[in-house]
Amino acid sequence: MTENKRPTMNWMDVLWLVFLLGLALLPPFWEWHKQVTLLVFGIVQFTEGWIIGRVPRRGEIYIVLIKIGLATVLVKHTGEISINSSYWPIYFLPVVTAAEYFGPWATLSWTTLASAAYCAYLFDPEIRELEIPAESYGLLAIRVLFFFLASMLVNRFVVENRRQTQRYQALAETLAETNRRLEQAQAEARRSERLAALGQLSAGLAHEIRNPLGVIKGSAEMLTQKLGASNPLATELAGYISTETNRLSALVTRFLDFARPLHADLTPQDITAVLDRALNDVAQFWRGAPVQVVKDYSAGLPLVPLDESLCEQAFVNIVQNAYDAMGTGGGSLRVQVRKARASNRNAGNLDGVEVRIEDTGPGIPSELREQIFNPFVTTKKSGVGLGLSIVSKIIDGHQGSIRVETPGNRAGDSGQGPGARFVIFFPAASDKVAVGQTAHLVIS
Ligand SMILES: Nc1ncnc2c1ncn2[C@@H]1O[C@H](COP(=O)(O)OP(=O)(O)OP(=O)(O)O)[C@@H](O)[C@H]1O
Ligand SMILES: [Mg+2]
């Protein structure tokens, strides 16, 4: 039971109790049925919230029923002739309670029931012996009509109040959601600013490192040439210098690719040729466990406006990651190309080509899936974490899209993980762009 469902007293309850106490002090004072009924009324009133909290759906029904019963008992014991009891307005209590908890139709039904309970005294054997004048029936009808008036007025007020509360709640939720999004956007903006500054810094540094690297590499090669076989140790060391310089140089190029604006020359062409080149590039230098490449290209694919070298680089980055993921155990790489249609926020539905690159590696953990396209996110010892951010930049430049999926559980396939699937969409060349026509684009 939660704290707020415990019986607690609010000022309204106090008011009810004062009212009931007042009734108790008024005649007939020594009528014990009346006093006990009023006491039970007080207890019910005081514990109403608690009962409704404990009996969620039926609590309100019980409360109204109890109050109708108590009102009927009170009327019975407070008048010479029950129906003439001056305590008849006690029926307002169940009627107003019903109006508070139920909708208009249910309130009408409860009011009818309360009125019926009151009018039931017409069938009291004592009364049946008496002659009832017509105006008494009129008086009774007026009382009953007042029950209905009170219940409907209170119910309208309560329903309207409830509606307003719901409206404010919905508004508060929308505001909270907007606030949350705003905070998220601010955090992202701060992160972007930091990354932009970092990008500029790396670009500057990389640019400055490039020239000395060239000199070091040239000198190492000269040394190897000059010394030849005469000094094997120096030749070996010069070889190390050369390899490490190459590695550094590749790293610097990667930084620069990420940081500087890319110049893309988009020419409509066959995407599968570019993809094949990327697959060969990676396979050629692969030194890990064997990877089986399965190609599945649809026939009659439309041409796609591409910058060959940038796209090749993007595919190399994705394929290289897949090879790295399957590194020690090997596996298979499935490459599918087919016609597709995607919806674009600006241009509506777009026809194009979808490339799916799917490996059988360990897959990408769900908590990392949102982040892998951000720069410097890596799980590899020697990784920089720039591969996929460059991919995303290149794909954006081609007005395409990229998403990552988990192909599904391959339980039973020994030694294979759930895998990762990269789905890349490229819009096809529009009819207006003639084949062979080139568009120059700067991707920043
Ligand atoms: N096919 C894949 N299977 C499993 N994890 C992957 C796959 N592709 C990418 N990842 C995860 O995404 C991370 C980011 O990849 P990304 O290519 O951006 O950087 P990287 O490969 O670590 O470094 P580099 O800059 O050298 O490419 C990887 O470190 C890896 O954890
Ligand atoms: Mg990579």
# chains A, B, ... in the order shown; residues from 1 in each chain; ligands from 1
$ residues_near_ligand --ligand "ligand 2" --cutoff "9 Å" --atoms "only C-alpha atoms and all ligand atoms" --output "list of chain:residue names"
A:Val316, A:Asn317, A:Ile318, A:Val319, A:Gln320, A:Asn321, A:Ala322, A:Asp324, A:Thr378, A:Lys380, A:Gly383, A:Val384, A:Gly385, A:Leu386, A:Gly387, A:Leu388
$ closest_atom_pairs --of "chain A" --to "ligand 1" --cutoff "9 Å" --atoms "only C-alpha atoms and all ligand atoms" --output "Markdown table"
| residue | atom | partner | partner_atom_place_in_ligand_line | distance |
| --- | --- | --- | --- | --- |
| A:Leu251 | CA | ligand 1 | 26 (O) | 8.4 |
| A:Arg254 | CA | ligand 1 | 25 (O) | 7.5 |
| A:Phe255 | CA | ligand 1 | 25 (O) | 8.9 |
| A:Asn317 | CA | ligand 1 | 17 (O) | 6.1 |
| A:Ile318 | CA | ligand 1 | 8 (N) | 6.4 |
| A:Val319 | CA | ligand 1 | 1 (N) | 7.4 |
| A:Gln320 | CA | ligand 1 | 21 (O) | 7.6 |
| A:Asn321 | CA | ligand 1 | 8 (N) | 4.5 |
| A:Ala322 | CA | ligand 1 | 1 (N) | 3.8 |
| A:Tyr323 | CA | ligand 1 | 1 (N) | 7.4 |
| A:Asp324 | CA | ligand 1 | 2 (C) | 7.4 |
| A:Ala325 | CA | ligand 1 | 3 (N) | 4.8 |
| A:Met326 | CA | ligand 1 | 3 (N) | 7.6 |
| A:Ile357 | CA | ligand 1 | 1 (N) | 8.5 |
| A:Glu358 | CA | ligand 1 | 1 (N) | 7.5 |
| A:Asp359 | CA | ligand 1 | 1 (N) | 6.2 |
| A:Thr360 | CA | ligand 1 | 3 (N) | 8.2 |
| A:Gly361 | CA | ligand 1 | 3 (N) | 5.8 |
| A:Pro362 | CA | ligand 1 | 4 (C) | 6.0 |
| A:Gly363 | CA | ligand 1 | 4 (C) | 4.5 |
| A:Ile364 | CA | ligand 1 | 5 (N) | 4.6 |
| A:Pro365 | CA | ligand 1 | 5 (N) | 7.9 |
| A:Leu368 | CA | ligand 1 | 12 (O) | 7.5 |
| A:Arg369 | CA | ligand 1 | 12 (O) | 7.8 |
| A:Gln371 | CA | ligand 1 | 12 (O) | 8.1 |
| A:Ile372 | CA | ligand 1 | 14 (C) | 4.8 |
| A:Phe373 | CA | ligand 1 | 18 (O) | 6.1 |
| A:Asn374 | CA | ligand 1 | 18 (O) | 7.3 |
| A:Pro375 | CA | ligand 1 | 18 (O) | 6.7 |
| A:Phe376 | CA | ligand 1 | 18 (O) | 7.0 |
| A:Val377 | CA | ligand 1 | 14 (C) | 5.4 |
| A:Thr378 | CA | ligand 1 | 29 (O) | 3.3 |
| A:Thr379 | CA | ligand 1 | 29 (O) | 3.9 |
| A:Lys380 | CA | ligand 1 | 29 (O) | 5.0 |
| A:Lys381 | CA | ligand 1 | 22 (O) | 8.0 |
| A:Ser382 | CA | ligand 1 | 26 (O) | 7.1 |
| A:Gly383 | CA | ligand 1 | 23 (O) | 3.7 |
| A:Val384 | CA | ligand 1 | 25 (O) | 3.9 |
| A:Gly385 | CA | ligand 1 | 19 (O) | 3.2 |
| A:Leu386 | CA | ligand 1 | 25 (O) | 3.7 |
| A:Gly387 | CA | ligand 1 | 27 (O) | 3.5 |
| A:Leu388 | CA | ligand 1 | 18 (O) | 3.7 |
| A:Ser389 | CA | ligand 1 | 18 (O) | 5.7 |
| A:Ile390 | CA | ligand 1 | 18 (O) | 7.7 |
| A:Val391 | CA | ligand 1 | 18 (O) | 8.2 |
| A:Val404 | CA | ligand 1 | 8 (N) | 8.9 |
| A:Gly419 | CA | ligand 1 | 3 (N) | 6.4 |
| A:Ala420 | CA | ligand 1 | 1 (N) | 5.0 |
| A:Arg421 | CA | ligand 1 | 1 (N) | 7.0 |
| A:Phe422 | CA | ligand 1 | 1 (N) | 7.7 |
$ write_last_selection --atoms "N, CA and C atoms" --output "short mmCIF file (atom, residue, chain, number, x, y, z; two decimals), in the first residue's frame"
data_model
loop_
_atom_site.label_atom_id
_atom_site.label_comp_id
_atom_site.auth_asym_id
_atom_site.auth_seq_id
_atom_site.Cartn_x
_atom_site.Cartn_y
_atom_site.Cartn_z
N LEU A 251 47.68 7.01 -41.29
CA LEU A 251 46.88 7.56 -40.20
C LEU A 251 46.58 9.03 -40.43
N ARG A 254 44.01 9.53 -42.99
CA ARG A 254 42.69 9.24 -42.43
C ARG A 254 42.15 10.44 -41.66
N PHE A 255 43.01 11.04 -40.85
CA PHE A 255 42.60 12.22 -40.10
C PHE A 255 42.16 13.33 -41.05
N ASN A 317 36.23 0.72 -46.16
CA ASN A 317 36.14 0.87 -44.69
C ASN A 317 35.15 -0.14 -44.09
N ILE A 318 34.00 -0.30 -44.77
CA ILE A 318 32.97 -1.21 -44.24
C ILE A 318 33.45 -2.67 -44.34
N VAL A 319 33.99 -3.00 -45.52
CA VAL A 319 34.44 -4.39 -45.75
C VAL A 319 35.61 -4.72 -44.82
N GLN A 320 36.51 -3.73 -44.65
CA GLN A 320 37.67 -3.97 -43.77
C GLN A 320 37.19 -4.27 -42.34
N ASN A 321 36.19 -3.51 -41.89
CA ASN A 321 35.64 -3.75 -40.55
C ASN A 321 35.08 -5.17 -40.46
N ALA A 322 34.38 -5.60 -41.52
CA ALA A 322 33.78 -6.95 -41.51
C ALA A 322 34.89 -8.00 -41.44
N TYR A 323 35.94 -7.83 -42.22
CA TYR A 323 37.08 -8.77 -42.17
C TYR A 323 37.69 -8.76 -40.77
N ASP A 324 37.88 -7.53 -40.22
CA ASP A 324 38.47 -7.43 -38.87
C ASP A 324 37.62 -8.18 -37.86
N ALA A 325 36.27 -8.02 -38.01
CA ALA A 325 35.36 -8.64 -37.04
C ALA A 325 35.44 -10.16 -37.10
N MET A 326 35.66 -10.70 -38.32
CA MET A 326 35.71 -12.17 -38.45
C MET A 326 37.14 -12.68 -38.28
N ILE A 357 25.92 -5.31 -46.85
CA ILE A 357 27.18 -6.01 -46.59
C ILE A 357 27.03 -6.69 -45.22
N GLU A 358 27.06 -8.01 -45.27
CA GLU A 358 26.68 -8.78 -44.06
C GLU A 358 27.79 -9.76 -43.72
N ASP A 359 28.25 -9.72 -42.47
CA ASP A 359 29.31 -10.66 -42.09
C ASP A 359 28.82 -11.65 -41.04
N THR A 360 29.66 -12.59 -40.70
CA THR A 360 29.27 -13.59 -39.70
C THR A 360 30.13 -13.44 -38.44
N GLY A 361 30.55 -12.20 -38.22
CA GLY A 361 31.38 -11.91 -37.04
C GLY A 361 30.54 -11.85 -35.77
N PRO A 362 31.10 -11.30 -34.70
CA PRO A 362 30.38 -11.28 -33.42
C PRO A 362 29.25 -10.26 -33.37
N GLY A 363 29.14 -9.41 -34.38
CA GLY A 363 28.07 -8.40 -34.39
C GLY A 363 28.46 -7.18 -33.58
N ILE A 364 27.56 -6.19 -33.60
CA ILE A 364 27.84 -4.94 -32.89
C ILE A 364 26.90 -4.86 -31.69
N PRO A 365 27.43 -4.71 -30.48
CA PRO A 365 26.56 -4.63 -29.30
C PRO A 365 25.57 -3.47 -29.45
N LEU A 368 26.40 0.05 -28.64
CA LEU A 368 27.43 0.70 -29.47
C LEU A 368 26.85 1.11 -30.83
N ARG A 369 25.70 0.50 -31.19
CA ARG A 369 25.16 0.67 -32.54
C ARG A 369 24.88 2.13 -32.89
N GLN A 371 26.50 4.63 -31.80
CA GLN A 371 27.70 5.48 -31.71
C GLN A 371 28.75 5.21 -32.76
N ILE A 372 28.67 4.05 -33.43
CA ILE A 372 29.82 3.67 -34.27
C ILE A 372 30.08 4.64 -35.41
N PHE A 373 29.07 5.45 -35.77
CA PHE A 373 29.30 6.42 -36.86
C PHE A 373 29.91 7.72 -36.33
N ASN A 374 30.03 7.82 -35.02
CA ASN A 374 30.69 9.00 -34.45
C ASN A 374 32.20 8.82 -34.54
N PRO A 375 32.93 9.92 -34.72
CA PRO A 375 34.38 9.79 -34.81
C PRO A 375 34.99 9.32 -33.49
N PHE A 376 36.09 8.65 -33.61
CA PHE A 376 36.91 8.17 -32.49
C PHE A 376 36.21 7.13 -31.62
N VAL A 377 35.21 6.46 -32.16
CA VAL A 377 34.58 5.35 -31.43
C VAL A 377 35.18 4.07 -31.98
N THR A 378 35.91 3.37 -31.16
CA THR A 378 36.55 2.14 -31.62
C THR A 378 36.64 1.13 -30.49
N THR A 379 36.63 -0.15 -30.88
CA THR A 379 36.84 -1.18 -29.86
C THR A 379 38.13 -1.93 -30.18
N LYS A 380 38.84 -1.42 -31.20
CA LYS A 380 40.05 -2.14 -31.62
C LYS A 380 41.28 -1.53 -30.99
N LYS A 381 42.26 -2.40 -30.73
CA LYS A 381 43.49 -1.94 -30.08
C LYS A 381 44.19 -0.90 -30.93
N SER A 382 44.27 -1.18 -32.24
CA SER A 382 45.00 -0.26 -33.10
C SER A 382 44.05 0.57 -33.96
N GLY A 383 42.77 0.62 -33.59
CA GLY A 383 41.81 1.38 -34.39
C GLY A 383 41.84 2.86 -34.03
N VAL A 384 41.41 3.68 -34.97
CA VAL A 384 41.34 5.12 -34.71
C VAL A 384 39.87 5.50 -34.47
N GLY A 385 38.97 4.70 -35.05
CA GLY A 385 37.54 5.00 -34.90
C GLY A 385 37.07 6.05 -35.87
N LEU A 386 37.76 6.16 -37.00
CA LEU A 386 37.35 7.16 -37.98
C LEU A 386 36.70 6.53 -39.22
N GLY A 387 36.90 5.19 -39.40
CA GLY A 387 36.44 4.53 -40.62
C GLY A 387 34.98 4.81 -40.92
N LEU A 388 34.10 4.53 -39.97
CA LEU A 388 32.67 4.66 -40.24
C LEU A 388 32.21 6.12 -40.27
N SER A 389 32.92 7.00 -39.54
CA SER A 389 32.50 8.42 -39.63
C SER A 389 32.84 8.97 -41.01
N ILE A 390 33.93 8.47 -41.61
CA ILE A 390 34.25 8.88 -42.98
C ILE A 390 33.19 8.30 -43.93
N VAL A 391 32.81 7.03 -43.70
CA VAL A 391 31.77 6.39 -44.52
C VAL A 391 30.50 7.23 -44.48
N VAL A 404 22.68 0.21 -39.65
CA VAL A 404 23.30 -1.05 -39.27
C VAL A 404 22.25 -1.94 -38.61
N GLY A 419 26.60 -11.62 -36.22
CA GLY A 419 26.98 -10.87 -37.41
C GLY A 419 26.49 -9.43 -37.40
N ALA A 420 26.98 -8.69 -38.39
CA ALA A 420 26.54 -7.30 -38.55
C ALA A 420 26.16 -7.10 -40.01
N ARG A 421 25.14 -6.28 -40.23
CA ARG A 421 24.74 -6.00 -41.60
C ARG A 421 24.66 -4.48 -41.79
N PHE A 422 25.40 -4.00 -42.76
CA PHE A 422 25.35 -2.57 -43.10
C PHE A 422 24.50 -2.43 -44.36
#
$ residues_around --residues "range 88-97 of chain A" --least-positions-apart "5" --cutoff "7 Å" --atoms "only C-alpha atoms" --output "compact mmCIF listing (two decimals) with N, CA and C atoms, in the first residue's frame"
# COMPACT_ATOMS: atom_id res chain seq x y z
N VAL A 64 -20.86 4.39 -2.72
CA VAL A 64 -22.17 4.99 -3.03
C VAL A 64 -23.30 4.11 -2.48
N LYS A 67 -23.59 4.52 1.23
CA LYS A 67 -24.17 5.82 1.60
C LYS A 67 -25.68 5.83 1.35
N ILE A 68 -26.11 5.20 0.25
CA ILE A 68 -27.56 5.14 -0.01
C ILE A 68 -28.23 4.35 1.12
N ALA A 71 -28.28 6.45 4.30
CA ALA A 71 -29.27 7.54 4.19
C ALA A 71 -30.67 6.98 4.42
N VAL A 75 -33.20 8.11 7.43
CA VAL A 75 -34.54 8.65 7.17
C VAL A 75 -35.58 7.82 7.93
N TRP A 110 -27.27 6.26 -10.52
CA TRP A 110 -27.14 6.26 -9.06
C TRP A 110 -28.18 7.17 -8.42
N THR A 111 -28.44 8.33 -9.04
CA THR A 111 -29.42 9.26 -8.49
C THR A 111 -30.81 8.61 -8.51
N ALA A 114 -30.94 6.22 -5.65
CA ALA A 114 -31.10 6.91 -4.36
C ALA A 114 -32.55 7.40 -4.23
N PHE A 147 -32.57 16.22 -6.28
CA PHE A 147 -31.47 15.24 -6.26
C PHE A 147 -30.79 15.23 -7.63
N SER A 151 -27.01 16.37 -8.61
CA SER A 151 -26.04 15.40 -9.13
C SER A 151 -25.52 15.84 -10.49
N VAL A 154 -23.05 18.90 -10.09
CA VAL A 154 -21.75 18.49 -9.55
C VAL A 154 -21.00 17.68 -10.59
$ residues_around --residues "range 157-173 of chain A" --least-positions-apart "3" --cutoff "12 Å" --atoms "only C-alpha atoms" --output "compact mmCIF listing (two decimals) with N, CA and C atoms, in the first residue's frame"
# COMPACT_ATOMS: atom_id res chain seq x y z
N VAL A 96 -24.18 13.16 -4.54
CA VAL A 96 -23.02 13.99 -4.87
C VAL A 96 -21.76 13.12 -4.98
N THR A 97 -21.68 12.10 -4.11
CA THR A 97 -20.52 11.19 -4.18
C THR A 97 -20.48 10.50 -5.54
N ALA A 98 -21.65 10.02 -6.01
CA ALA A 98 -21.71 9.35 -7.32
C ALA A 98 -21.29 10.33 -8.41
N ALA A 99 -21.76 11.58 -8.29
CA ALA A 99 -21.42 12.59 -9.30
C ALA A 99 -19.91 12.85 -9.34
N GLU A 100 -19.28 12.69 -8.18
CA GLU A 100 -17.82 12.94 -8.11
C GLU A 100 -17.03 11.85 -8.82
N TYR A 101 -17.52 10.58 -8.68
CA TYR A 101 -16.71 9.47 -9.16
C TYR A 101 -17.09 8.95 -10.54
N PHE A 102 -18.36 9.16 -10.96
CA PHE A 102 -18.80 8.50 -12.20
C PHE A 102 -19.08 9.50 -13.31
N GLY A 103 -19.34 8.94 -14.51
CA GLY A 103 -19.70 9.77 -15.65
C GLY A 103 -21.17 10.16 -15.57
N PRO A 104 -21.67 10.98 -16.51
CA PRO A 104 -23.05 11.50 -16.43
C PRO A 104 -24.11 10.40 -16.37
N TRP A 105 -23.97 9.35 -17.21
CA TRP A 105 -25.02 8.32 -17.23
C TRP A 105 -25.05 7.51 -15.95
N THR A 107 -24.03 8.53 -13.10
CA THR A 107 -24.51 9.42 -12.04
C THR A 107 -26.04 9.46 -12.05
N ALA A 150 -28.85 18.48 -8.40
CA ALA A 150 -27.57 18.55 -7.69
C ALA A 150 -26.56 17.61 -8.32
N SER A 151 -27.01 16.37 -8.61
CA SER A 151 -26.04 15.40 -9.13
C SER A 151 -25.52 15.84 -10.49
N MET A 152 -26.39 16.38 -11.34
CA MET A 152 -25.93 16.77 -12.67
C MET A 152 -24.99 17.97 -12.62
N LEU A 153 -25.34 18.93 -11.73
CA LEU A 153 -24.47 20.11 -11.61
C LEU A 153 -23.08 19.72 -11.14
N VAL A 154 -23.05 18.90 -10.09
CA VAL A 154 -21.75 18.49 -9.55
C VAL A 154 -21.00 17.68 -10.59
N ALA A 176 7.68 18.31 -20.83
CA ALA A 176 8.82 17.55 -20.29
C ALA A 176 9.59 16.89 -21.44
N GLU A 177 8.83 16.36 -22.41
CA GLU A 177 9.45 15.69 -23.55
C GLU A 177 10.26 16.71 -24.37
N THR A 178 9.64 17.89 -24.60
CA THR A 178 10.34 18.94 -25.37
C THR A 178 11.61 19.35 -24.64
N ASN A 179 11.48 19.47 -23.34
CA ASN A 179 12.62 19.86 -22.53
C ASN A 179 13.76 18.84 -22.64
N ARG A 180 13.34 17.55 -22.60
CA ARG A 180 14.33 16.47 -22.69
C ARG A 180 15.04 16.54 -24.04
$ atom_distance --atom1 "CA of Asp296 in chain A" --atom2 "CA of Phe315 in chain A"
15.8 Å
$ select_by_dssp --residues "range 270-432 of chain A" --states "strand (DSSP E or B)" --output "mmCIF file with C-alpha atoms, in the first residue's frame"
data_model
loop_
_atom_site.group_PDB
_atom_site.id
_atom_site.type_symbol
_atom_site.label_atom_id
_atom_site.label_comp_id
_atom_site.auth_asym_id
_atom_site.auth_seq_id
_atom_site.Cartn_x
_atom_site.Cartn_y
_atom_site.Cartn_z
ATOM 1 C CA VAL A 291 36.839 -15.235 -45.471
ATOM 2 C CA GLN A 292 34.430 -16.512 -48.074
ATOM 3 C CA VAL A 293 32.845 -13.720 -50.123
ATOM 4 C CA VAL A 294 29.360 -14.420 -51.502
ATOM 5 C CA LYS A 295 28.151 -11.899 -54.079
ATOM 6 C CA ASP A 296 24.500 -11.547 -54.952
ATOM 7 C CA TYR A 297 23.951 -8.720 -57.450
ATOM 8 C CA VAL A 304 24.042 5.723 -59.486
ATOM 9 C CA PRO A 305 25.755 9.156 -59.360
ATOM 10 C CA LEU A 306 29.029 8.266 -57.639
ATOM 11 C CA GLY A 331 33.587 -16.564 -41.810
ATOM 12 C CA SER A 332 31.612 -15.448 -44.770
ATOM 13 C CA LEU A 333 30.853 -12.039 -46.188
ATOM 14 C CA ARG A 334 27.611 -11.722 -48.114
ATOM 15 C CA VAL A 335 27.321 -8.739 -50.426
ATOM 16 C CA GLN A 336 23.926 -8.041 -51.956
ATOM 17 C CA VAL A 337 23.018 -5.280 -54.391
ATOM 18 C CA ARG A 338 19.449 -4.733 -55.469
ATOM 19 C CA LYS A 339 17.007 -2.078 -56.614
ATOM 20 C CA ALA A 340 15.271 -0.310 -53.761
ATOM 21 C CA ARG A 341 13.042 2.569 -52.903
ATOM 22 C CA ALA A 342 13.613 4.799 -49.922
ATOM 23 C CA SER A 343 11.746 7.757 -48.511
ATOM 24 C CA ASN A 344 13.686 10.941 -48.266
ATOM 25 C CA GLY A 348 9.767 12.031 -51.040
ATOM 26 C CA ASN A 349 10.126 8.456 -52.324
ATOM 27 C CA LEU A 350 13.368 7.823 -54.151
ATOM 28 C CA ASP A 351 14.332 4.979 -56.461
ATOM 29 C CA GLY A 352 17.844 3.763 -56.054
ATOM 30 C CA VAL A 353 20.188 0.945 -55.237
ATOM 31 C CA GLU A 354 20.640 -0.791 -51.902
ATOM 32 C CA VAL A 355 23.919 -2.424 -50.940
ATOM 33 C CA ARG A 356 23.885 -4.905 -48.064
ATOM 34 C CA ILE A 357 27.182 -6.008 -46.588
ATOM 35 C CA GLU A 358 26.678 -8.776 -44.064
ATOM 36 C CA SER A 401 21.702 6.695 -46.161
ATOM 37 C CA ILE A 402 23.331 3.996 -44.058
ATOM 38 C CA ARG A 403 22.027 1.895 -41.232
ATOM 39 C CA VAL A 404 23.301 -1.050 -39.271
ATOM 40 C CA GLU A 405 21.323 -4.172 -38.393
ATOM 41 C CA ARG A 421 24.737 -6.002 -41.602
ATOM 42 C CA PHE A 422 25.346 -2.572 -43.096
ATOM 43 C CA VAL A 423 22.590 -1.400 -45.427
ATOM 44 C CA ILE A 424 23.540 1.480 -47.689
ATOM 45 C CA PHE A 425 21.111 3.233 -49.994
ATOM 46 C CA PHE A 426 22.172 5.346 -52.982
ATOM 47 C CA PRO A 427 19.570 7.294 -54.967
#
$ closest_residue --among "A:Thr245, A:Gly300, A:Gly397, A:Glu31" --to "Val215 in chain A" --atoms "only C-alpha atoms"
A:Thr245
$ closest_residue --among "A:Glu308, A:Asn84, A:Ala289, A:Asn246" --to "Ala273 in chain A" --atoms "only C-alpha atoms"
A:Glu308
$ atom_distance --atom1 "CA of Glu188 in chain A" --atom2 "CA of Asp257 in chain A"
22.3 Å
$ closest_residue --among "A:Lys217, A:Arg247, A:Arg128, A:Arg260" --to "Gln200 in chain A" --atoms "only C-alpha atoms"
A:Arg260
$ select_by_dssp --residues "range 222-300 of chain A" --states "alpha helix (DSSP H)" --output "VMD selection string"
chain A and resid 222 to 227 232 to 259 271 to 285
$ residues_around --residues "range 201-209 of chain A" --least-positions-apart "2" --cutoff "12 Å" --atoms "only C-alpha atoms" --output "compact mmCIF listing (two decimals) with N, CA and C atoms, in the first residue's frame"
# COMPACT_ATOMS: atom_id res chain seq x y z
N ARG A 194 32.79 20.41 -29.78
CA ARG A 194 34.07 19.84 -29.33
C ARG A 194 34.73 19.05 -30.45
N LEU A 195 33.89 18.25 -31.15
CA LEU A 195 34.44 17.42 -32.23
C LEU A 195 34.96 18.28 -33.36
N ALA A 196 34.23 19.38 -33.66
CA ALA A 196 34.66 20.26 -34.75
C ALA A 196 36.02 20.85 -34.39
N ALA A 197 36.16 21.28 -33.12
CA ALA A 197 37.44 21.86 -32.69
C ALA A 197 38.54 20.80 -32.78
N LEU A 198 38.18 19.58 -32.35
CA LEU A 198 39.15 18.48 -32.39
C LEU A 198 39.55 18.18 -33.84
N GLY A 199 38.54 18.21 -34.72
CA GLY A 199 38.78 17.96 -36.14
C GLY A 199 39.74 18.97 -36.71
N ASN A 211 54.66 16.68 -43.93
CA ASN A 211 55.93 17.02 -44.60
C ASN A 211 57.14 16.35 -43.95
N PRO A 212 57.29 16.51 -42.61
CA PRO A 212 58.42 15.81 -41.99
C PRO A 212 58.38 14.31 -42.23
N LEU A 213 57.18 13.74 -42.27
CA LEU A 213 57.06 12.30 -42.50
C LEU A 213 57.64 11.93 -43.86
N GLY A 214 57.33 12.78 -44.85
CA GLY A 214 57.84 12.55 -46.20
C GLY A 214 59.36 12.55 -46.19
N VAL A 215 59.93 13.52 -45.45
CA VAL A 215 61.40 13.62 -45.40
C VAL A 215 61.98 12.37 -44.72
N ILE A 216 61.37 11.95 -43.60
CA ILE A 216 61.86 10.77 -42.86
C ILE A 216 61.81 9.54 -43.77
N THR A 245 56.73 4.72 -40.86
CA THR A 245 56.37 6.01 -41.47
C THR A 245 55.15 5.82 -42.37
N LEU A 248 52.14 5.72 -40.15
CA LEU A 248 51.82 7.07 -39.68
C LEU A 248 51.18 7.90 -40.78
N SER A 249 51.75 7.73 -41.98
CA SER A 249 51.27 8.49 -43.11
C SER A 249 49.81 8.13 -43.42
N ALA A 250 49.50 6.80 -43.32
CA ALA A 250 48.11 6.36 -43.58
C ALA A 250 47.17 6.96 -42.53
N LEU A 251 47.68 7.01 -41.29
CA LEU A 251 46.88 7.56 -40.20
C LEU A 251 46.58 9.03 -40.43
N VAL A 252 47.63 9.75 -40.83
CA VAL A 252 47.49 11.18 -41.08
C VAL A 252 46.47 11.41 -42.21
N THR A 253 46.56 10.57 -43.26
CA THR A 253 45.63 10.71 -44.38
C THR A 253 44.19 10.50 -43.89
N ARG A 254 44.01 9.53 -42.99
CA ARG A 254 42.69 9.24 -42.43
C ARG A 254 42.15 10.44 -41.66
N PHE A 255 43.01 11.04 -40.85
CA PHE A 255 42.60 12.22 -40.10
C PHE A 255 42.16 13.33 -41.05
N LEU A 256 42.98 13.50 -42.09
CA LEU A 256 42.67 14.57 -43.03
C LEU A 256 41.36 14.30 -43.77
N ASP A 257 41.14 13.02 -44.14
CA ASP A 257 39.89 12.65 -44.82
C ASP A 257 38.69 13.00 -43.96
N PHE A 258 38.88 12.78 -42.66
CA PHE A 258 37.77 13.03 -41.75
C PHE A 258 37.54 14.54 -41.58
N ALA A 259 38.64 15.27 -41.46
CA ALA A 259 38.52 16.67 -41.06
C ALA A 259 38.27 17.64 -42.21
N ARG A 260 38.85 17.38 -43.36
CA ARG A 260 38.74 18.40 -44.41
C ARG A 260 37.52 18.14 -45.31
N PRO A 261 37.05 19.17 -46.00
CA PRO A 261 35.94 18.95 -46.92
C PRO A 261 36.38 18.04 -48.07
N PHE A 376 36.09 8.65 -33.61
CA PHE A 376 36.91 8.17 -32.49
C PHE A 376 36.21 7.13 -31.62
$ atom_distance --atom1 "CA of Lys393 in chain A" --atom2 "CA of Gln284 in chain A"
25.6 Å
$ closest_residue --among "A:Leu65, A:Ala117, A:Ala429, A:Leu20" --to "Leu266 in chain A" --atoms "only C-alpha atoms"
A:Ala429
